[in-house]
$ cat run28.pdb   # PDB, C-alpha atoms
ATOM      1  CA  MET D  15      32.382  20.662  11.190
ATOM      2  CA  THR D  16      34.767  20.838   8.221
ATOM      3  CA  PHE D  17      34.752  23.912   5.975
ATOM      4  CA  ILE D  18      36.038  23.642   2.398
ATOM      5  CA  PRO D  19      36.650  26.890   0.471
ATOM      6  CA  GLY D  20      34.306  27.219  -2.480
ATOM      7  CA  ILE D  21      32.004  24.520  -1.099
ATOM      8  CA  GLY D  22      31.187  25.457   2.465
ATOM      9  CA  GLU D  23      30.518  23.293   5.484
ATOM     10  CA  THR D  24      30.496  19.580   4.752
ATOM     11  CA  GLY D  25      28.047  18.582   7.484
ATOM     12  CA  PRO D  26      24.848  19.626   5.658
ATOM     13  CA  LEU D  27      26.192  17.964   2.504
ATOM     14  CA  THR D  28      27.254  14.566   3.801
ATOM     15  CA  GLY D  29      25.163  14.142   6.976
ATOM     16  CA  PRO D  30      21.746  13.917   5.247
ATOM     17  CA  LEU D  31      23.155  11.340   2.826
ATOM     18  CA  ALA D  32      24.340   9.126   5.678
ATOM     19  CA  LEU D  33      20.975   9.396   7.432
ATOM     20  CA  GLY D  34      19.109   8.631   4.215
ATOM     21  CA  TYR D  35      21.249   5.544   3.553
ATOM     22  CA  MET D  36      20.593   4.167   7.034
ATOM     23  CA  LEU D  37      16.844   4.794   6.911
ATOM     24  CA  GLY D  38      16.695   3.236   3.457
ATOM     25  CA  CYS D  39      18.333   0.031   4.685
ATOM     26  CA  ILE D  40      15.890  -0.168   7.595
ATOM     27  CA  LEU D  41      12.879   0.298   5.316
ATOM     28  CA  VAL D  42      14.078  -2.282   2.796
ATOM     29  CA  GLY D  43      14.318  -4.745   5.674
ATOM     30  CA  VAL D  44      10.720  -3.971   6.655
ATOM     31  CA  LEU D  45       9.706  -4.353   3.006
ATOM     32  CA  THR D  46      11.398  -7.757   2.808
ATOM     33  CA  MET D  47       9.372  -9.015   5.758
ATOM     34  CA  GLN D  48       6.144  -7.695   4.245
ATOM     35  CA  VAL D  49       6.840  -9.303   0.871
ATOM     36  CA  GLN D  50       7.622 -12.644   2.510
ATOM     37  CA  SER D  51       4.418 -12.403   4.551
ATOM     38  CA  TYR D  52       2.393 -11.647   1.422
ATOM     39  CA  TYR D  53       3.683 -14.607  -0.580
ATOM     40  CA  ASN D  54       3.200 -16.965   2.382
ATOM     41  CA  THR D  55      -0.327 -15.736   3.087
ATOM     42  CA  PHE D  56      -1.606 -15.434  -0.484
ATOM     43  CA  PRO D  57       0.016 -18.208  -2.542
ATOM     44  CA  ASN D  58      -3.058 -18.351  -4.817
ATOM     45  CA  ASP D  59      -3.420 -14.627  -5.388
ATOM     46  CA  ARG D  60      -3.757 -13.319  -8.932
ATOM     47  CA  LEU D  61      -0.608 -13.602 -11.004
ATOM     48  CA  GLY D  62      -0.673  -9.915 -11.926
ATOM     49  CA  ILE D  63      -0.610  -8.803  -8.278
ATOM     50  CA  LYS D  64       2.148 -11.275  -7.448
ATOM     51  CA  TRP D  65       4.201 -10.000 -10.375
ATOM     52  CA  LEU D  66       3.630  -6.400  -9.291
ATOM     53  CA  VAL D  67       4.894  -7.175  -5.791
ATOM     54  CA  GLY D  68       7.929  -8.978  -7.181
ATOM     55  CA  VAL D  69       8.843  -6.224  -9.647
ATOM     56  CA  VAL D  70       8.469  -3.448  -7.070
ATOM     57  CA  PHE D  71      10.585  -5.409  -4.606
ATOM     58  CA  GLY D  72      13.211  -6.042  -7.307
ATOM     59  CA  PHE D  73      13.410  -2.333  -8.113
ATOM     60  CA  GLU D  74      13.819  -1.560  -4.418
ATOM     61  CA  VAL D  75      16.691  -4.022  -4.112
ATOM     62  CA  VAL D  76      18.449  -2.467  -7.126
ATOM     63  CA  PHE D  77      17.784   1.012  -5.710
ATOM     64  CA  THR D  78      19.335  -0.002  -2.397
ATOM     65  CA  LEU D  79      22.408  -1.492  -4.109
ATOM     66  CA  PHE D  80      23.036   1.782  -5.942
ATOM     67  CA  THR D  81      22.729   3.771  -2.720
ATOM     68  CA  LEU D  82      25.176   1.444  -0.957
ATOM     69  CA  ILE D  83      27.668   1.903  -3.800
ATOM     70  CA  ASN D  84      27.365   5.664  -3.461
ATOM     71  CA  ALA D  85      27.698   5.400   0.319
ATOM     72  CA  TRP D  86      30.930   3.441  -0.067
ATOM     73  CA  VAL D  87      32.320   6.070  -2.433
ATOM     74  CA  ALA D  88      31.165   9.057  -0.374
ATOM     75  CA  PHE D  89      32.333   7.795   3.012
ATOM     76  CA  GLY D  90      35.012   5.325   1.952
ATOM     77  CA  THR D  91      37.181   5.639  -1.118
ATOM     78  CA  GLY D  92      36.127   9.229  -1.839
ATOM     79  CA  TRP D  93      36.315  10.558   1.703
ATOM     80  CA  GLY D  94      38.190  13.848   1.773
ATOM     81  CA  ASP D  95      37.915  14.370  -1.986
ATOM     82  CA  ALA D  96      36.340  17.767  -2.677
ATOM     83  CA  ASN D  97      35.250  16.684  -6.144
ATOM     84  CA  SER D  98      32.829  14.177  -4.581
ATOM     85  CA  LEU D  99      30.939  17.152  -3.104
ATOM     86  CA  MET D 100      30.720  18.947  -6.462
ATOM     87  CA  PHE D 101      29.940  16.020  -8.771
ATOM     88  CA  GLN D 102      27.532  13.149  -8.323
ATOM     89  CA  HIS D 103      28.817   9.619  -8.526
ATOM     90  CA  TRP D 104      27.375   7.549 -11.368
ATOM     91  CA  SER D 105      25.466   5.415  -8.845
ATOM     92  CA  LEU D 106      23.252   8.396  -7.925
ATOM     93  CA  VAL D 107      22.047   8.923 -11.500
ATOM     94  CA  PRO D 108      19.751   5.854 -11.901
ATOM     95  CA  ILE D 109      18.110   6.049  -8.482
ATOM     96  CA  ALA D 110      15.957   9.050  -9.428
ATOM     97  CA  PRO D 111      14.265   7.234 -12.360
ATOM     98  CA  LEU D 112      13.930   4.123 -10.191
ATOM     99  CA  SER D 113      12.149   6.160  -7.528
ATOM    100  CA  GLY D 114       9.798   7.580 -10.158
ATOM    101  CA  ILE D 115       8.986   4.134 -11.565
ATOM    102  CA  ILE D 116       8.220   2.708  -8.117
ATOM    103  CA  ALA D 117       5.987   5.652  -7.238
ATOM    104  CA  SER D 118       4.076   5.382 -10.518
ATOM    105  CA  MET D 119       3.560   1.623 -10.187
ATOM    106  CA  VAL D 120       2.116   1.992  -6.690
ATOM    107  CA  GLN D 121      -0.055   4.957  -7.682
ATOM    108  CA  PHE D 122      -1.372   3.122 -10.754
ATOM    109  CA  PHE D 123      -2.175   0.155  -8.517
ATOM    110  CA  PHE D 124      -4.288   2.246  -6.152
ATOM    111  CA  ALA D 125      -5.927   4.067  -9.063
ATOM    112  CA  TYR D 126      -6.967   0.716 -10.548
ATOM    113  CA  ARG D 127      -8.484  -0.397  -7.250
ATOM    114  CA  ILE D 128     -10.379   2.864  -6.924
ATOM    115  CA  PHE D 129     -11.791   2.246 -10.395
ATOM    116  CA  LYS D 130     -12.830  -1.305  -9.418
ATOM    117  CA  LEU D 131     -14.783   0.038  -6.460
ATOM    118  CA  THR D 132     -16.373   3.135  -7.967
ATOM    119  CA  ARG D 133     -16.635   2.094 -11.635
ATOM    120  CA  SER D 134     -15.814   5.714 -12.411
ATOM    121  CA  VAL D 135     -12.879   6.457 -14.694
ATOM    122  CA  TRP D 136     -12.426  10.171 -14.076
ATOM    123  CA  LEU D 137     -10.585  10.148 -10.759
ATOM    124  CA  PRO D 138      -8.352   7.162 -11.665
ATOM    125  CA  LEU D 139      -7.519   8.856 -14.977
ATOM    126  CA  ILE D 140      -6.530  12.054 -13.175
ATOM    127  CA  ILE D 141      -4.323  10.095 -10.755
ATOM    128  CA  CYS D 142      -2.701   8.151 -13.601
ATOM    129  CA  ALA D 143      -2.122  11.321 -15.636
ATOM    130  CA  ILE D 144      -0.426  13.144 -12.760
ATOM    131  CA  SER D 145       1.596  10.033 -11.904
ATOM    132  CA  SER D 146       2.730   9.677 -15.509
ATOM    133  CA  LEU D 147       3.737  13.348 -15.569
ATOM    134  CA  GLN D 148       5.904  13.017 -12.477
ATOM    135  CA  CYS D 149       7.501   9.878 -13.881
ATOM    136  CA  VAL D 150       8.361  11.657 -17.147
ATOM    137  CA  MET D 151       9.815  14.587 -15.205
ATOM    138  CA  VAL D 152      12.060  12.399 -13.063
ATOM    139  CA  PHE D 153      13.312  10.526 -16.128
ATOM    140  CA  TYR D 154      14.082  13.832 -17.825
ATOM    141  CA  VAL D 155      15.973  15.011 -14.741
ATOM    142  CA  GLY D 156      18.021  11.813 -14.555
ATOM    143  CA  ILE D 157      18.907  11.701 -18.254
ATOM    144  CA  THR D 158      19.675  15.429 -18.516
ATOM    145  CA  ASN D 159      21.795  15.345 -15.391
ATOM    146  CA  ALA D 160      23.855  12.459 -16.796
ATOM    147  CA  ILE D 161      24.351  14.245 -20.133
ATOM    148  CA  ARG D 162      25.498  17.454 -18.437
ATOM    149  CA  GLY D 163      28.241  15.711 -16.507
ATOM    150  CA  ARG D 164      26.506  14.882 -13.203
ATOM    151  CA  SER D 165      27.542  18.132 -11.554
ATOM    152  CA  PHE D 166      25.441  19.483  -8.717
ATOM    153  CA  LYS D 167      25.395  22.875 -10.456
ATOM    154  CA  ALA D 168      23.693  21.354 -13.512
ATOM    155  CA  PHE D 169      21.389  19.436 -11.204
ATOM    156  CA  TYR D 170      20.205  22.627  -9.518
ATOM    157  CA  GLU D 171      19.410  24.144 -12.919
ATOM    158  CA  LEU D 172      16.697  21.486 -13.310
ATOM    159  CA  SER D 173      14.797  22.852 -10.323
ATOM    160  CA  THR D 174      11.542  23.437 -12.254
ATOM    161  CA  PHE D 175      11.313  19.831 -13.418
ATOM    162  CA  ILE D 176      12.214  18.505  -9.978
ATOM    163  CA  THR D 177       9.479  20.673  -8.455
ATOM    164  CA  ILE D 178       6.891  19.257 -10.886
ATOM    165  CA  TRP D 179       8.046  15.727 -10.043
ATOM    166  CA  LEU D 180       7.735  16.172  -6.275
ATOM    167  CA  ALA D 181       4.471  18.128  -6.492
ATOM    168  CA  GLY D 182       2.967  15.404  -8.701
ATOM    169  CA  ASP D 183       3.854  12.757  -6.128
ATOM    170  CA  ALA D 184       2.245  14.727  -3.310
ATOM    171  CA  VAL D 185      -0.957  15.475  -5.266
ATOM    172  CA  CYS D 186      -1.380  11.815  -6.289
ATOM    173  CA  ASP D 187      -0.963  10.595  -2.723
ATOM    174  CA  ILE D 188      -3.475  13.114  -1.371
ATOM    175  CA  LEU D 189      -6.047  12.187  -4.033
ATOM    176  CA  ILE D 190      -5.625   8.472  -3.352
ATOM    177  CA  ALA D 191      -5.970   8.882   0.419
ATOM    178  CA  ILE D 192      -9.038  11.134   0.215
ATOM    179  CA  SER D 193     -10.844   8.984  -2.365
ATOM    180  CA  THR D 194     -10.166   5.732  -0.511
ATOM    181  CA  VAL D 195     -11.420   7.096   2.797
ATOM    182  CA  THR D 196     -14.492   8.589   1.091
ATOM    183  CA  ILE D 197     -15.373   5.226  -0.479
ATOM    184  CA  LEU D 198     -15.095   3.395   2.840
ATOM    185  CA  VAL D 199     -17.095   6.004   4.754
ATOM    186  CA  LYS D 200     -19.913   5.889   2.195
ATOM    187  CA  THR D 201     -19.929   2.099   2.397
ATOM    188  CA  ILE D 202     -20.310   2.194   6.186
ATOM    189  CA  ARG D 203     -23.360   4.407   5.847
ATOM    190  CA  ARG D 204     -25.000   2.358   3.099
ATOM    191  CA  GLN D 205     -24.122  -1.312   3.480
ATOM    192  CA  SER D 206     -22.762  -2.151   6.886
ATOM    193  CA  HIS D 207     -25.196  -3.399   9.547
ATOM    194  CA  PHE D 208     -22.759  -5.446  11.624
ATOM    195  CA  ARG D 209     -20.741  -4.158  14.517
ATOM    196  CA  LYS D 210     -17.691  -6.251  13.595
ATOM    197  CA  THR D 211     -17.888  -5.007  10.024
ATOM    198  CA  ASP D 212     -18.065  -1.393  11.185
ATOM    199  CA  THR D 213     -15.045  -1.922  13.432
ATOM    200  CA  THR D 214     -12.966  -3.389  10.637
ATOM    201  CA  LEU D 215     -14.075  -0.705   8.186
ATOM    202  CA  LYS D 216     -12.889   1.930  10.638
ATOM    203  CA  ARG D 217      -9.608   0.057  10.869
ATOM    204  CA  LEU D 218      -9.301   0.147   7.072
ATOM    205  CA  ILE D 219     -10.032   3.877   7.076
ATOM    206  CA  ARG D 220      -7.314   4.423   9.654
ATOM    207  CA  LEU D 221      -4.879   2.344   7.588
ATOM    208  CA  SER D 222      -5.728   4.295   4.420
ATOM    209  CA  VAL D 223      -5.241   7.603   6.176
ATOM    210  CA  GLU D 224      -1.945   6.529   7.733
ATOM    211  CA  THR D 225      -0.388   5.134   4.551
ATOM    212  CA  GLY D 226      -1.610   8.036   2.422
ATOM    213  CA  LEU D 227      -0.462  10.552   5.009
ATOM    214  CA  ILE D 228       3.018   9.008   5.225
ATOM    215  CA  THR D 229       3.659   9.028   1.478
ATOM    216  CA  ALA D 230       2.078  12.455   0.921
ATOM    217  CA  SER D 231       4.005  13.931   3.853
ATOM    218  CA  GLY D 232       7.286  12.484   2.591
ATOM    219  CA  ALA D 233       6.841  13.977  -0.885
ATOM    220  CA  THR D 234       5.619  17.306   0.532
ATOM    221  CA  VAL D 235       8.482  17.676   3.008
ATOM    222  CA  GLU D 236      11.007  16.821   0.306
ATOM    223  CA  LEU D 237       9.412  19.440  -1.966
ATOM    224  CA  ILE D 238       9.593  22.069   0.785
ATOM    225  CA  LEU D 239      13.213  21.280   1.608
ATOM    226  CA  TRP D 240      14.095  21.429  -2.072
ATOM    227  CA  GLN D 241      12.486  24.854  -2.431
ATOM    228  CA  VAL D 242      13.974  26.255   0.771
ATOM    229  CA  GLU D 243      17.466  24.693   0.871
ATOM    230  CA  LYS D 244      18.127  23.154  -2.517
ATOM    231  CA  PHE D 245      21.865  23.880  -2.277
ATOM    232  CA  LEU D 246      22.117  21.698   0.814
ATOM    233  CA  ASN D 247      21.362  17.981   0.903
ATOM    234  CA  TYR D 248      18.630  17.847   3.525
ATOM    235  CA  HIS D 249      16.092  16.890   0.859
ATOM    236  CA  TYR D 250      18.114  13.728   0.171
ATOM    237  CA  ILE D 251      16.903  12.252   3.466
ATOM    238  CA  PHE D 252      13.405  11.904   2.016
ATOM    239  CA  PHE D 253      14.507  11.316  -1.558
ATOM    240  CA  LEU D 254      16.426   8.181  -0.563
ATOM    241  CA  VAL D 255      13.452   6.700   1.315
ATOM    242  CA  LEU D 256      10.455   7.977  -0.674
ATOM    243  CA  GLY D 257      10.279   4.950  -2.977
ATOM    244  CA  LYS D 258      10.436   2.599  -0.004
ATOM    245  CA  LEU D 259       7.579   4.486   1.653
ATOM    246  CA  TYR D 260       5.463   3.812  -1.436
ATOM    247  CA  SER D 261       6.322   0.118  -1.629
ATOM    248  CA  ASN D 262       5.777  -0.420   2.099
ATOM    249  CA  ALA D 263       2.422   1.375   1.908
ATOM    250  CA  MET D 264       1.312  -0.929  -0.909
ATOM    251  CA  MET D 265       2.428  -4.052   0.955
ATOM    252  CA  ALA D 266       0.768  -2.911   4.191
ATOM    253  CA  ALA D 267      -2.495  -2.499   2.307
ATOM    254  CA  LEU D 268      -2.181  -5.907   0.645
ATOM    255  CA  ASN D 269      -1.301  -7.704   3.873
ATOM    256  CA  SER D 270      -4.175  -6.001   5.716
ATOM    257  CA  HIS D 271      -6.537  -8.145   3.624
ATOM    258  CA  ALA D 272      -5.460 -11.217   5.628
ATOM    259  CA  THR D 273      -6.202  -9.490   8.931
ATOM    260  CA  THR D 274      -9.664  -8.366   7.920
ATOM    261  CA  GLN D 275     -10.589 -11.822   6.636
ATOM    262  CA  GLY D 276      -9.578 -13.402   9.915
ATOM    263  CA  ARG D 277     -11.940 -11.178  11.906
ATOM    264  CA  PHE D 278     -15.120 -12.564  10.375
ATOM    265  CA  ASN D 279     -16.957 -15.848  10.820
ATOM    266  CA  GLY D 280     -20.225 -15.245   8.949
ATOM    267  CA  ASN D 281     -20.507 -15.563   5.192
ATOM    268  CA  THR D 282     -22.267 -12.222   4.771
ATOM    269  CA  SER D 283     -19.665 -10.280   6.697
ATOM    270  CA  THR D 284     -16.833 -11.987   4.820
ATOM    271  CA  THR D 285     -18.408 -11.073   1.490
ATOM    272  CA  ILE D 286     -18.698  -7.421   2.499
ATOM    273  CA  MET D 287     -15.110  -7.260   3.635
ATOM    274  CA  ASN D 288     -13.811  -8.973   0.523
ATOM    275  CA  HIS D 289     -15.436  -6.151  -1.399
ATOM    276  CA  LEU D 290     -14.091  -3.358   0.769
ATOM    277  CA  THR D 291     -10.466  -4.214   1.313
ATOM    278  CA  LEU D 292      -9.726  -2.880  -2.198
ATOM    279  CA  PHE D 293      -7.470  -5.818  -2.940
ATOM    280  CA  GLN D 294      -9.752  -8.778  -3.537
ATOM    281  CA  ASP D 295      -9.599 -11.108  -6.490
ATOM    282  CA  GLU D 296     -12.676 -11.205  -8.694
ATOM    283  CA  ASN D 297     -12.749 -14.964  -8.162
ATOM    284  CA  LEU D 298     -13.258 -14.375  -4.465
ATOM    285  CA  GLU D 299     -16.332 -12.292  -5.201
ATOM    286  CA  ALA D 300     -17.830 -15.092  -7.261
ATOM    287  CA  SER D 301     -17.077 -17.774  -4.698
ATOM    288  CA  SER D 302     -18.366 -15.631  -1.831
ATOM    289  CA  ALA D 303     -21.544 -14.804  -3.690
ATOM    290  CA  THR D 304     -22.399 -18.474  -4.066
ATOM    291  CA  THR D 305     -22.439 -18.944  -0.312
ATOM    292  CA  LEU D 306     -25.377 -16.576  -0.003
ATOM    293  CA  GLN D 307     -27.756 -18.599  -2.214
ATOM    294  CA  PRO D 308     -30.909 -19.931  -0.498
ATOM    295  CA  THR D 309     -30.667 -23.528   0.682
ATOM    296  CA  SER D 310     -33.675 -25.805   1.080
ATOM    297  CA  ILE D 311     -33.984 -27.612   4.425
ATOM    298  CA  ASN D 312     -36.262 -30.590   4.993
ATOM    299  CA  VAL D 313     -37.561 -31.068   8.509
ATOM    300  CA  ILE D 314     -38.887 -34.458   9.630
ATOM    301  CA  ARG D 315     -41.060 -34.444  12.726
ATOM    302  CA  ASN D 316     -41.817 -37.541  14.750
ATOM    303  CA  VAL D 317     -44.426 -37.799  17.507
ATOM    304  CA  ASP D 318     -43.818 -40.335  20.255
ATOM    305  CA  VAL D 319     -46.842 -40.949  22.527
ATOM    306  CA  ARG D 320     -46.180 -42.491  25.894
ATOM    307  CA  ARG D 321     -49.039 -43.602  28.118
ATOM    308  CA  GLU D 322     -48.495 -43.631  31.857
ATOM    309  CA  PRO D 323     -50.986 -44.096  34.674
ATOM    310  CA  GLY D 324     -52.946 -40.887  35.130
ATOM    311  CA  ASN D 325     -51.545 -38.954  32.147
ATOM    312  CA  GLU D 326     -50.506 -39.167  28.549
ATOM    313  CA  MET D 327     -47.299 -37.458  27.294
ATOM    314  CA  ALA D 328     -46.453 -36.609  23.673
ATOM    315  CA  ILE D 329     -42.808 -35.890  22.803
ATOM    316  CA  MET D 330     -42.211 -34.262  19.428
ATOM    317  CA  SER D 331     -38.742 -34.413  17.868
ATOM    318  CA  SER D 332     -37.555 -32.815  14.650
ATOM    319  CA  LYS D 333     -34.563 -33.653  12.473
ATOM    320  CA  ASP D 334     -32.871 -31.227  10.123
ATOM    321  CA  ALA D 335     -32.185 -33.099   6.901
ATOM    322  CA  HIS D 336     -29.586 -30.509   5.932
ATOM    323  CA  ASP D 337     -27.100 -30.961   8.761
ATOM    324  CA  GLY D 338     -28.449 -33.952  10.648
ATOM    325  CA  ALA D 339     -29.027 -32.081  13.916
ATOM    326  CA  ASP D 340     -31.785 -33.337  16.216
ATOM    327  CA  THR D 341     -33.903 -30.985  18.297
ATOM    328  CA  LYS D 342     -36.625 -31.696  20.809
ATOM    329  CA  SER D 343     -39.548 -29.473  21.517
ATOM    330  CA  LYS D 344     -41.010 -28.774  24.852
ATOM    331  CA  ALA D 345     -43.006 -31.707  26.240
ATOM    332  CA  SER D 346     -46.799 -31.349  26.310
ATOM    333  CA  ASP D 347     -48.848 -32.977  29.088
ATOM    334  CA  TYR D 348     -52.386 -34.209  28.584
ATOM    335  CA  ALA D 349     -54.546 -34.974  31.586
TER     336      ALA D 349
END

$ encode --input "run28.pdb" --output "structure tokens"
Amino acid sequence: MTFIPGIGETGPLTGPLALGYMLGCILVGVLTMQVQSYYNTFPNDRLGIKWLVGVVFGFEVVFTLFTLINAWVAFGTGWGDANSLMFQHWSLVPIAPLSGIIASMVQFFFAYRIFKLTRSVWLPLIICAISSLQCVMVFYVGITNAIRGRSFKAFYELSTFITIWLAGDAVCDILIAISTVTILVKTIRRQSHFRKTDTTLKRLIRLSVETGLITASGATVELILWQVEKFLNYHYIFFLVLGKLYSNAMMAALNSHATTQGRFNGNTSTTIMNHLTLFQDENLEASSATTLQPTSINVIRNVDVRREPGNEMAIMSSKDAHDGADTKSKASDYA
């Protein structure tokens, strides 16, 4: 491990950056597959949701390009330059605001869906307020850091604002996960009377817990590393992938709607699941509701009497005028 006077060991400074760059590239590949799957599966989804997916994916691509530029400078053209360990390259400055924008967009999306399910504005407003606060903090950090010359020393002086940013992310994720699971659990107790529906609801609960736990854990671990070892770069491992955790969590939730729809054959079960996946279009609710209207069925019954020596047999047949199916009742013998 190389030691540079005035800086220290280079391993804890450059190693976390390399690991964060590699993990970020892997996650953007996973995100690309999820976005492609979403557009192929839901070509008629609402325009607003499709635009949200496209904008978030575009921000992630730009974020990844900036990180690759910084990786080239840190491990290529700037390798061995001590100044690269004391000053941030310009490509690192915009990725903090980009991460804040992505996190806020995803958190606002989940807050809106929680409002659609509960029709209560208080919890979504709290989530949106905390998300907006963390976004403002990360923008302030990025702009102030650029004005002060992009030195790591000036960056560390913004510790209070960085702490508020990371704590806001963690609190939002925890609130979203708890509220989503609570809504689904209450729905199981009140509305669900089908075994398949219960199974899929439990699957949705597990998905909500997993995605919320991943994003909340990422923000919390980054916050802890920042508080404990802010002068080392271990926190960069999670900083470079946190935005991609948010975008992948949103896409996993959106794509789960296709899986839950495919598990149901009955109209009633499909209507319940369209309401509980948190991502349905209002048009789907209207179209599903129409399938549950009562339908009149006309039944025509014919009696065919056959006389045979020693007995008389009556065969009754009925025809369903709705679907054209013929059914025969049990034969009755008359002595």

$ resolve_selection --input "run28.pdb" --expression "the PyMOL selection byres ((chain D and resi 185) around 9)" --output "number ranges by chain"
D: 141, 144-145, 180-184, 186-190, 230, 234

$ residues_around --input "run28.pdb" --residues "D:Met36" --least-positions-apart "5" --cutoff "12 Å" --atoms "only C-alpha atoms" --output "PDB file with C-alpha atoms, in the frame of the given file"
ATOM      1  CA  GLY D  29      25.163  14.142   6.976  1.00  0.00           C
ATOM      2  CA  PRO D  30      21.746  13.917   5.247  1.00  0.00           C
ATOM      3  CA  LEU D  31      23.155  11.340   2.826  1.00  0.00           C
ATOM      4  CA  LEU D  41      12.879   0.298   5.316  1.00  0.00           C
ATOM      5  CA  VAL D  42      14.078  -2.282   2.796  1.00  0.00           C
ATOM      6  CA  GLY D  43      14.318  -4.745   5.674  1.00  0.00           C
ATOM      7  CA  THR D  78      19.335  -0.002  -2.397  1.00  0.00           C
ATOM      8  CA  THR D  81      22.729   3.771  -2.720  1.00  0.00           C
ATOM      9  CA  LEU D  82      25.176   1.444  -0.957  1.00  0.00           C
ATOM     10  CA  ALA D  85      27.698   5.400   0.319  1.00  0.00           C
ATOM     11  CA  ILE D 251      16.903  12.252   3.466  1.00  0.00           C
ATOM     12  CA  PHE D 252      13.405  11.904   2.016  1.00  0.00           C
ATOM     13  CA  LEU D 254      16.426   8.181  -0.563  1.00  0.00           C
ATOM     14  CA  VAL D 255      13.452   6.700   1.315  1.00  0.00           C
TER      15      VAL D 255
END

$ residues_around --input "run28.pdb" --residues "stretch 115-126 of chain D" --least-positions-apart "6" --cutoff "6 Å" --atoms "all atoms listed in the file" --output "list in words"
Pro138, Cys142, Ser145 and Gly257 of chain D

$ closest_residue --input "run28.pdb" --among "D:Trp240, D:Tyr248, D:Phe129, D:Trp104" --to "D:Trp179" --atoms "only C-alpha atoms"
D:Trp240

$ resolve_selection --input "run28.pdb" --expression "the PyMOL selection byres ((chain D and resi 156) around 8)" --output "number ranges by chain"
D: 107-108, 110-111, 152-155, 157-160

$ axis_aligned_box --input "run28.pdb" --around "stretch 134-153 of chain D" --padding-each-side "8 Å" --output "AutoDock Vina command-line options"
--center_x -1.3 --center_y 10.2 --center_z -14.0 --size_x 45.1 --size_y 24.9 --size_z 22.4

$ closest_residue --input "run28.pdb" --among "D:Glu74, D:Ala233, D:Trp136, D:Gln102" --to "D:Arg162" --atoms "all atoms listed in the file"
D:Gln102

$ closest_residue --input "run28.pdb" --among "D:Ala32, D:Ile83, D:Leu139, D:Ile228" --to "D:Tyr260" --atoms "all atoms listed in the file"
D:Ile228

$ atom_distance --input "run28.pdb" --atom1 "atom CA of D:Ile140" --atom2 "atom CA of D:Ile238"
23.6 Å

$ closest_residue --input "run28.pdb" --among "D:Leu37, D:Thr132, D:Ser261, D:Ile197" --to "D:Val67" --atoms "all atoms listed in the file"
D:Ser261

$ atom_distance --input "run28.pdb" --atom1 "atom CA of D:Leu61" --atom2 "atom CA of D:Asn269"
16.0 Å

$ resolve_selection --input "run28.pdb" --expression "the PyMOL selection byres ((chain D and resi 46) around 12)" --output "CSV table (one decimal) with C-alpha atoms, in the coordinates of the input"
chain,number,residue,atom,x,y,z
D,39,CYS,CA,18.3,0.0,4.7
D,40,ILE,CA,15.9,-0.2,7.6
D,41,LEU,CA,12.9,0.3,5.3
D,42,VAL,CA,14.1,-2.3,2.8
D,43,GLY,CA,14.3,-4.7,5.7
D,44,VAL,CA,10.7,-4.0,6.7
D,45,LEU,CA,9.7,-4.4,3.0
D,47,MET,CA,9.4,-9.0,5.8
D,48,GLN,CA,6.1,-7.7,4.2
D,49,VAL,CA,6.8,-9.3,0.9
D,50,GLN,CA,7.6,-12.6,2.5
D,51,SER,CA,4.4,-12.4,4.6
D,52,TYR,CA,2.4,-11.6,1.4
D,53,TYR,CA,3.7,-14.6,-0.6
D,67,VAL,CA,4.9,-7.2,-5.8
D,68,GLY,CA,7.9,-9.0,-7.2
D,70,VAL,CA,8.5,-3.4,-7.1
D,71,PHE,CA,10.6,-5.4,-4.6
D,72,GLY,CA,13.2,-6.0,-7.3
D,74,GLU,CA,13.8,-1.6,-4.4
D,75,VAL,CA,16.7,-4.0,-4.1
D,258,LYS,CA,10.4,2.6,0.0
D,261,SER,CA,6.3,0.1,-1.6
D,262,ASN,CA,5.8,-0.4,2.1
D,265,MET,CA,2.4,-4.1,1.0
D,266,ALA,CA,0.8,-2.9,4.2

$ atom_distance --input "run28.pdb" --atom1 "atom CA of D:Leu112" --atom2 "atom CA of D:Val195"
28.6 Å

$ closest_residue --input "run28.pdb" --among "D:Glu243, D:Glu171, D:Glu224, D:Asp59" --to "D:Ile192" --atoms "only C-alpha atoms"
D:Glu224

$ closest_residue --input "run28.pdb" --among "D:Leu227, D:Met100, D:Met151, D:Val199" --to "D:Gly163" --atoms "all atoms listed in the file"
D:Met100

$ residues_around --input "run28.pdb" --residues "D:Thr28" --least-positions-apart "5" --cutoff "10 Å" --atoms "all atoms listed in the file" --output "ChimeraX atom specification"
/D:23,33,85,88-89,99,246-248,250

$ write_last_selection --input "run28.pdb" --atoms "C-alpha atoms" --output "short mmCIF file (atom, residue, chain, number, x, y, z; two decimals), in the frame of the given file"
data_model
loop_
_atom_site.label_atom_id
_atom_site.label_comp_id
_atom_site.auth_asym_id
_atom_site.auth_seq_id
_atom_site.Cartn_x
_atom_site.Cartn_y
_atom_site.Cartn_z
CA GLU D 23 30.52 23.29 5.48
CA LEU D 33 20.98 9.40 7.43
CA ALA D 85 27.70 5.40 0.32
CA ALA D 88 31.16 9.06 -0.37
CA PHE D 89 32.33 7.80 3.01
CA LEU D 99 30.94 17.15 -3.10
CA LEU D 246 22.12 21.70 0.81
CA ASN D 247 21.36 17.98 0.90
CA TYR D 248 18.63 17.85 3.52
CA TYR D 250 18.11 13.73 0.17
#
